[in-house]
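Asker: Let me begin by handing over the structure; questions about it come next.
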There are 2 protein chains.
Amino acid sequence: MHVSNLAREIKERRKTLDINQQQLSELTEIGLRTIKGLESGKTNPTLKTVVTILTVLGLELTIKTQK
Amino acid sequence: MHVSNLAREIKERRKTLDINQQQLSELTEIGLRTIKGLESGKTNPTLKTVVTILTVLGLELTIKTQK
DNA sequence: ATAAAAAGGGCGTTATAATGCACGTATCAA
DNA sequence: TTGATACGTGCATTATAACGCCCTTTTTAT
């Protein structure tokens, strides 16, 4: 899982749930500017930011052994 | 996956591979102080830091739908 | 085509992760 | 128990994530 992958997956999931960045910002209580930066793959978010967003989107991180 | 969970899993895996924090620091080129902070669960690491460490440990992050 | 909504991004500020250094604490072997 | 090795942590500095503001670009609906 690279940062750009994560950005794409989050964006995709958000669209599937039919919410916009503004709404995701409100649901997560994470600044809109942060959401924008993350989804466009321009930043290196903290784990907390990622987990909070994934949780609201009904997703979660797991650890696996590399294939 | 919470931050404290991640810390525990990383530490456990490192011990399984029988390397110490100093060696993990060298292998990942991440500062020893950062490794220490992360494993003791006292910090909120960036995604990049987490991914770099997991990769060296032969692990990877994946996204799943919440159970 | 065009208006509205959504997304992208520059800039400056604030909060905090990453880091090295130094030292305390814990673990383990002899 | 003592010495060595590994781990935890306070502090100060540097780098950068998070953030709001505001404008541009892209997408979507009519």
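Starting from 1 in every chain, residues are counted up; chains themselves are A, B, ... following the order of the structure tokens, and ligands are numbered from 1 as listed.
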Starting from chain C, keep only residues with some atom at most 10 Å from an atom of chain B, counting only C-alpha atoms (C1' of nucleotides), and report them as a PDB file with N, CA, C and O atoms (P, O5', C5', C4', C3', O3' and C1' of nucleotides), in the first residue's frame.
Answerer:
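Okay, part.pdb is ready:
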```pdb
ATOM      1  P    DT C  16      -0.978  19.402  18.279  1.00  0.00           P
ATOM      2  O5'  DT C  16       0.166  18.598  17.504  1.00  0.00           O
ATOM      3  C5'  DT C  16      -0.101  18.087  16.209  1.00  0.00           C
ATOM      4  C4'  DT C  16       1.179  17.506  15.619  1.00  0.00           C
ATOM      5  C3'  DT C  16       1.997  16.645  16.602  1.00  0.00           C
ATOM      6  O3'  DT C  16       2.616  15.616  15.870  1.00  0.00           O
ATOM      7  C1'  DT C  16       3.345  18.253  15.705  1.00  0.00           C
ATOM      8  P    DA C  17       2.408  14.083  16.271  1.00  0.00           P
ATOM      9  O5'  DA C  17       3.273  13.328  15.161  1.00  0.00           O
ATOM     10  C5'  DA C  17       2.935  13.484  13.794  1.00  0.00           C
ATOM     11  C4'  DA C  17       4.193  13.397  12.933  1.00  0.00           C
ATOM     12  C3'  DA C  17       5.141  12.260  13.287  1.00  0.00           C
ATOM     13  O3'  DA C  17       5.689  11.739  12.084  1.00  0.00           O
ATOM     14  C1'  DA C  17       6.272  14.317  13.533  1.00  0.00           C
ATOM     15  P    DA C  18       6.774  10.559  12.116  1.00  0.00           P
ATOM     16  O5'  DA C  18       8.159  11.344  12.085  1.00  0.00           O
ATOM     17  C5'  DA C  18       8.531  12.062  10.912  1.00  0.00           C
ATOM     18  C4'  DA C  18       9.976  12.481  11.004  1.00  0.00           C
ATOM     19  C3'  DA C  18      10.941  11.373  11.472  1.00  0.00           C
ATOM     20  O3'  DA C  18      12.107  11.384  10.656  1.00  0.00           O
ATOM     21  C1'  DA C  18      11.120  13.272  12.877  1.00  0.00           C
ATOM     22  P    DT C  19      13.237  10.297  10.893  1.00  0.00           P
ATOM     23  O5'  DT C  19      14.234  11.026  11.877  1.00  0.00           O
ATOM     24  C5'  DT C  19      14.901  12.206  11.434  1.00  0.00           C
ATOM     25  C4'  DT C  19      15.656  12.850  12.558  1.00  0.00           C
ATOM     26  C3'  DT C  19      16.525  11.904  13.388  1.00  0.00           C
ATOM     27  O3'  DT C  19      17.837  11.903  12.852  1.00  0.00           O
ATOM     28  C1'  DT C  19      15.489  13.636  14.689  1.00  0.00           C
ATOM     29  P    DG C  20      18.942  10.935  13.459  1.00  0.00           P
ATOM     30  O5'  DG C  20      19.611  11.853  14.577  1.00  0.00           O
ATOM     31  C5'  DG C  20      20.022  13.174  14.256  1.00  0.00           C
ATOM     32  C4'  DG C  20      20.653  13.839  15.469  1.00  0.00           C
ATOM     33  C3'  DG C  20      21.637  12.970  16.249  1.00  0.00           C
ATOM     34  O3'  DG C  20      22.723  13.796  16.679  1.00  0.00           O
ATOM     35  C1'  DG C  20      19.862  13.632  17.676  1.00  0.00           C
TER      36       DG C  20
END
```
Asker: Leaving out segment 6-18 of chain B and any residue of its chain fewer than 4 positions from it, which residues lie within 12 Å of it when counting only C-alpha atoms (C1' of nucleotides), given as a ChimeraX atom specification?
Answerer: /A:47-48,51,61-65 /B:1-2,22-25,27,34-45,47,49-61 /D:6-7
Asker: Write to file, as a CSV table (one decimal), in the first residue's frame, the residues of the selection just made, with N, CA and C atoms (P, O5', C5', C4', C3', O3' and C1' of nucleotides).
Answerer:
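Printed below is out_8.csv as written:
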```csv
chain,number,residue,atom,x,y,z
A,47,LEU,N,-0.9,8.6,10.4
A,47,LEU,CA,-1.7,7.4,10.5
A,47,LEU,C,-3.1,7.7,11.1
A,48,LYS,N,-3.1,8.6,12.0
A,48,LYS,CA,-4.4,9.0,12.6
A,48,LYS,C,-5.4,9.5,11.6
A,51,VAL,N,-6.6,6.6,9.4
A,51,VAL,CA,-7.5,5.7,10.1
A,51,VAL,C,-8.9,6.4,10.4
A,61,LEU,N,-7.7,-0.6,8.1
A,61,LEU,CA,-6.4,-1.0,7.7
A,61,LEU,C,-6.1,-2.4,8.3
A,62,THR,N,-5.4,-3.2,7.6
A,62,THR,CA,-5.0,-4.5,8.2
A,62,THR,C,-3.5,-4.7,7.7
A,63,ILE,N,-2.8,-5.6,8.4
A,63,ILE,CA,-1.5,-5.9,8.1
A,63,ILE,C,-1.4,-7.3,7.6
A,64,LYS,N,-0.7,-7.5,6.5
A,64,LYS,CA,-0.5,-8.8,5.9
A,64,LYS,C,1.0,-9.0,5.6
A,65,THR,N,1.3,-10.3,5.5
A,65,THR,CA,2.7,-10.5,5.0
A,65,THR,C,2.8,-10.3,3.5
B,1,MET,N,-7.5,-1.1,12.8
B,1,MET,CA,-6.1,-0.9,13.2
B,1,MET,C,-5.9,0.4,13.9
B,2,HIS,N,-5.6,0.3,15.2
B,2,HIS,CA,-5.3,1.6,15.9
B,2,HIS,C,-3.8,1.7,16.0
B,22,GLN,N,17.9,-0.6,16.7
B,22,GLN,CA,19.1,0.0,16.1
B,22,GLN,C,19.2,-0.5,14.6
B,23,GLN,N,19.1,-1.8,14.5
B,23,GLN,CA,19.2,-2.4,13.1
B,23,GLN,C,18.0,-2.0,12.3
B,24,LEU,N,16.8,-2.0,12.8
B,24,LEU,CA,15.7,-1.6,12.1
B,24,LEU,C,15.8,-0.2,11.6
B,25,SER,N,16.4,0.7,12.5
B,25,SER,CA,16.6,2.0,12.1
B,25,SER,C,17.6,2.1,10.9
B,27,LEU,N,18.2,-0.3,8.6
B,27,LEU,CA,17.6,-0.9,7.5
B,27,LEU,C,16.6,0.0,6.8
B,34,THR,N,12.7,7.9,16.3
B,34,THR,CA,11.4,7.7,15.6
B,34,THR,C,10.9,6.3,15.8
B,35,ILE,N,11.8,5.3,15.6
B,35,ILE,CA,11.4,3.9,15.8
B,35,ILE,C,11.0,3.7,17.3
B,36,LYS,N,11.8,4.2,18.2
B,36,LYS,CA,11.5,4.0,19.6
B,36,LYS,C,10.1,4.6,19.9
B,37,GLY,N,9.9,5.8,19.5
B,37,GLY,CA,8.6,6.5,19.8
B,37,GLY,C,7.5,5.7,19.2
B,38,LEU,N,7.6,5.2,18.0
B,38,LEU,CA,6.5,4.5,17.3
B,38,LEU,C,6.2,3.2,18.1
B,39,GLU,N,7.3,2.4,18.3
B,39,GLU,CA,7.0,1.1,19.0
B,39,GLU,C,6.5,1.2,20.4
B,40,SER,N,6.8,2.3,21.0
B,40,SER,CA,6.3,2.5,22.4
B,40,SER,C,4.9,3.1,22.3
B,41,GLY,N,4.4,3.3,21.1
B,41,GLY,CA,3.0,3.8,21.0
B,41,GLY,C,2.8,5.3,21.4
B,42,LYS,N,3.9,6.0,21.5
B,42,LYS,CA,3.7,7.4,22.0
B,42,LYS,C,3.6,8.5,20.9
B,43,THR,N,3.6,8.0,19.7
B,43,THR,CA,3.5,9.0,18.6
B,43,THR,C,2.5,8.7,17.6
B,44,ASN,N,2.2,9.6,16.7
B,44,ASN,CA,1.3,9.4,15.6
B,44,ASN,C,2.1,9.5,14.3
B,45,PRO,N,2.7,8.4,13.9
B,45,PRO,CA,3.6,8.4,12.7
B,45,PRO,C,2.9,8.8,11.4
B,47,LEU,N,2.2,8.1,7.4
B,47,LEU,CA,1.9,6.9,6.7
B,47,LEU,C,3.2,6.4,6.0
B,49,THR,N,6.3,6.7,7.1
B,49,THR,CA,7.1,6.0,8.1
B,49,THR,C,6.6,4.6,8.4
B,50,VAL,N,5.3,4.5,8.5
B,50,VAL,CA,4.7,3.1,8.8
B,50,VAL,C,5.0,2.2,7.6
B,51,VAL,N,4.7,2.7,6.4
B,51,VAL,CA,4.9,1.8,5.2
B,51,VAL,C,6.4,1.4,5.0
B,52,THR,N,7.3,2.3,5.3
B,52,THR,CA,8.7,2.0,5.1
B,52,THR,C,9.1,0.9,6.1
B,53,ILE,N,8.7,1.0,7.3
B,53,ILE,CA,9.0,0.0,8.3
B,53,ILE,C,8.4,-1.3,8.0
B,54,LEU,N,7.1,-1.3,7.7
B,54,LEU,CA,6.4,-2.6,7.4
B,54,LEU,C,7.1,-3.3,6.2
B,55,THR,N,7.5,-2.5,5.2
B,55,THR,CA,8.1,-3.1,4.0
B,55,THR,C,9.4,-3.8,4.4
B,56,VAL,N,10.2,-3.2,5.2
B,56,VAL,CA,11.5,-3.8,5.6
B,56,VAL,C,11.2,-5.1,6.4
B,57,LEU,N,10.1,-5.0,7.1
B,57,LEU,CA,9.8,-6.2,8.0
B,57,LEU,C,9.0,-7.3,7.2
B,58,GLY,N,8.9,-7.1,5.9
B,58,GLY,CA,8.2,-8.1,5.1
B,58,GLY,C,6.7,-8.1,5.2
B,59,LEU,N,6.2,-6.9,5.7
B,59,LEU,CA,4.7,-6.8,5.9
B,59,LEU,C,4.2,-5.7,5.0
B,60,GLU,N,2.9,-5.7,4.8
B,60,GLU,CA,2.3,-4.6,4.1
B,60,GLU,C,0.9,-4.2,4.6
B,61,LEU,N,0.5,-3.0,4.3
B,61,LEU,CA,-0.9,-2.6,4.7
B,61,LEU,C,-1.9,-2.9,3.6
D,6,DA,P,22.1,-5.1,21.4
D,6,DA,O5',20.7,-4.7,22.0
D,6,DA,C5',19.9,-5.7,22.7
D,6,DA,C4',18.7,-5.1,23.3
D,6,DA,C3',17.9,-4.1,22.3
D,6,DA,O3',16.5,-4.5,22.3
D,6,DA,C1',18.3,-3.1,24.4
D,7,DC,P,15.5,-3.7,21.4
D,7,DC,O5',14.8,-2.7,22.4
D,7,DC,C5',14.2,-3.3,23.6
D,7,DC,C4',13.7,-2.2,24.5
D,7,DC,C3',12.9,-1.1,23.8
D,7,DC,O3',11.6,-1.0,24.6
D,7,DC,C1',14.6,-0.1,25.2
```
Asker: Considering only alpha helix (DSSP H) as DSSP defines it on the backbone, what residues of chain B qualify? List them as a PyMOL selection string.
Answerer: chain B and resi 3-16+21-28+32-39+47-56
Asker: Check chain B with DSSP on the backbone and list each residue it calls strand (DSSP E), as a count of residues only.
Answerer: 7
Asker: Which residues are near segment 21-26 of chain D? Cut-off 10 Å, only C-alpha atoms (C1' of nucleotides), ignore same chain within fewer than 2 positions. Put them as a compact mmCIF listing (two decimals) with C-alpha atoms (C1' of nucleotides), in the first residue's frame.
Answerer:
```txt
# COMPACT_ATOMS: atom_id res chain seq x y z
C1' DA C 6 -16.93 20.00 -6.56
C1' DA C 7 -12.13 19.37 -6.59
C1' DG C 8 -7.29 21.17 -6.89
C1' DG C 9 -3.83 24.01 -5.19
C1' DG C 10 -0.80 28.42 -3.58
C1' DC C 11 0.31 30.78 0.62
C1' DG C 12 0.96 31.68 5.47
C1' DC D 19 -5.41 23.97 8.57
C1' DT D 28 -21.75 18.02 -13.60
```
Asker: Provide the atom C1' of DA18 of chain D to atom C1' of DA15 of chain C distance in Å, to one decimal place.
Answerer: 7.4 Å
Asker: Hey, list the chain D side of the contact with chain B: 12 Å cut-off, only C-alpha atoms (C1' of nucleotides), answer as an MDAnalysis selection string.
Answerer: chainID D and resid 5:9 16:17
Asker: Next, the residues of the selection above should be written as a PDB file, in the first residue's frame with N, CA and C atoms (P, O5', C5', C4', C3', O3' and C1' of nucleotides).
Answerer:
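This went into out-v6.pdb:
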```pdb
ATOM      1  P    DT D   5      27.925  -5.216  24.978  1.00  0.00           P
ATOM      2  O5'  DT D   5      26.389  -5.257  24.578  1.00  0.00           O
ATOM      3  C5'  DT D   5      25.669  -6.500  24.641  1.00  0.00           C
ATOM      4  C4'  DT D   5      24.190  -6.214  24.603  1.00  0.00           C
ATOM      5  C3'  DT D   5      23.754  -5.215  23.525  1.00  0.00           C
ATOM      6  O3'  DT D   5      22.759  -5.841  22.728  1.00  0.00           O
ATOM      7  C1'  DT D   5      22.789  -4.671  25.615  1.00  0.00           C
ATOM      8  P    DA D   6      22.095  -5.083  21.449  1.00  0.00           P
ATOM      9  O5'  DA D   6      20.664  -4.702  22.013  1.00  0.00           O
ATOM     10  C5'  DA D   6      19.889  -5.708  22.657  1.00  0.00           C
ATOM     11  C4'  DA D   6      18.653  -5.083  23.265  1.00  0.00           C
ATOM     12  C3'  DA D   6      17.915  -4.113  22.340  1.00  0.00           C
ATOM     13  O3'  DA D   6      16.538  -4.466  22.327  1.00  0.00           O
ATOM     14  C1'  DA D   6      18.334  -3.084  24.444  1.00  0.00           C
ATOM     15  P    DC D   7      15.512  -3.719  21.393  1.00  0.00           P
ATOM     16  O5'  DC D   7      14.766  -2.742  22.419  1.00  0.00           O
ATOM     17  C5'  DC D   7      14.201  -3.301  23.602  1.00  0.00           C
ATOM     18  C4'  DC D   7      13.726  -2.192  24.516  1.00  0.00           C
ATOM     19  C3'  DC D   7      12.864  -1.120  23.847  1.00  0.00           C
ATOM     20  O3'  DC D   7      11.648  -1.000  24.568  1.00  0.00           O
ATOM     21  C1'  DC D   7      14.555  -0.126  25.178  1.00  0.00           C
ATOM     22  P    DG D   8      10.522   0.083  24.134  1.00  0.00           P
ATOM     23  O5'  DG D   8      10.782   1.257  25.178  1.00  0.00           O
ATOM     24  C5'  DG D   8      10.515   1.028  26.564  1.00  0.00           C
ATOM     25  C4'  DG D   8      10.615   2.321  27.351  1.00  0.00           C
ATOM     26  C3'  DG D   8       9.777   3.485  26.826  1.00  0.00           C
ATOM     27  O3'  DG D   8       9.210   4.167  27.943  1.00  0.00           O
ATOM     28  C1'  DG D   8      12.045   4.137  26.913  1.00  0.00           C
ATOM     29  P    DT D   9       8.146   5.316  27.730  1.00  0.00           P
ATOM     30  O5'  DT D   9       9.041   6.636  27.842  1.00  0.00           O
ATOM     31  C5'  DT D   9       9.760   6.888  29.047  1.00  0.00           C
ATOM     32  C4'  DT D   9      10.500   8.207  28.940  1.00  0.00           C
ATOM     33  C3'  DT D   9       9.751   9.339  28.214  1.00  0.00           C
ATOM     34  O3'  DT D   9      10.001  10.536  28.926  1.00  0.00           O
ATOM     35  C1'  DT D   9      11.854   9.114  27.315  1.00  0.00           C
ATOM     36  P    DT D  16      10.820  17.978   4.998  1.00  0.00           P
ATOM     37  O5'  DT D  16       9.325  17.929   5.516  1.00  0.00           O
ATOM     38  C5'  DT D  16       8.912  16.888   6.391  1.00  0.00           C
ATOM     39  C4'  DT D  16       7.509  17.157   6.874  1.00  0.00           C
ATOM     40  C3'  DT D  16       6.524  17.612   5.785  1.00  0.00           C
ATOM     41  O3'  DT D  16       5.254  17.084   6.100  1.00  0.00           O
ATOM     42  C1'  DT D  16       6.481  19.111   7.522  1.00  0.00           C
ATOM     43  P    DA D  17       4.438  16.208   5.051  1.00  0.00           P
ATOM     44  O5'  DA D  17       3.109  15.847   5.855  1.00  0.00           O
ATOM     45  C5'  DA D  17       3.203  15.110   7.061  1.00  0.00           C
ATOM     46  C4'  DA D  17       2.119  15.540   8.026  1.00  0.00           C
ATOM     47  C3'  DA D  17       0.724  15.643   7.429  1.00  0.00           C
ATOM     48  O3'  DA D  17      -0.218  15.174   8.386  1.00  0.00           O
ATOM     49  C1'  DA D  17       1.356  17.752   8.296  1.00  0.00           C
TER      50       DA D  17
END
```
Asker: In Å to one decimal, how far is atom C1' of DC23 of chain C from atom C1' of DC11 of chain D?
Answerer: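 Spanning atom C1' of DC11 of chain D to atom C1' of DC23 of chain C is a straight-line distance of 11.4 Å.
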Asker: When you draw a straight line from atom CA of Glu29 of chain B to atom C1' of DA15 of chain D, how long is it in Å?
Answerer: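 Answer for the atom CA of Glu29 of chain B to atom C1' of DA15 of chain D separation: 16.0 Å.
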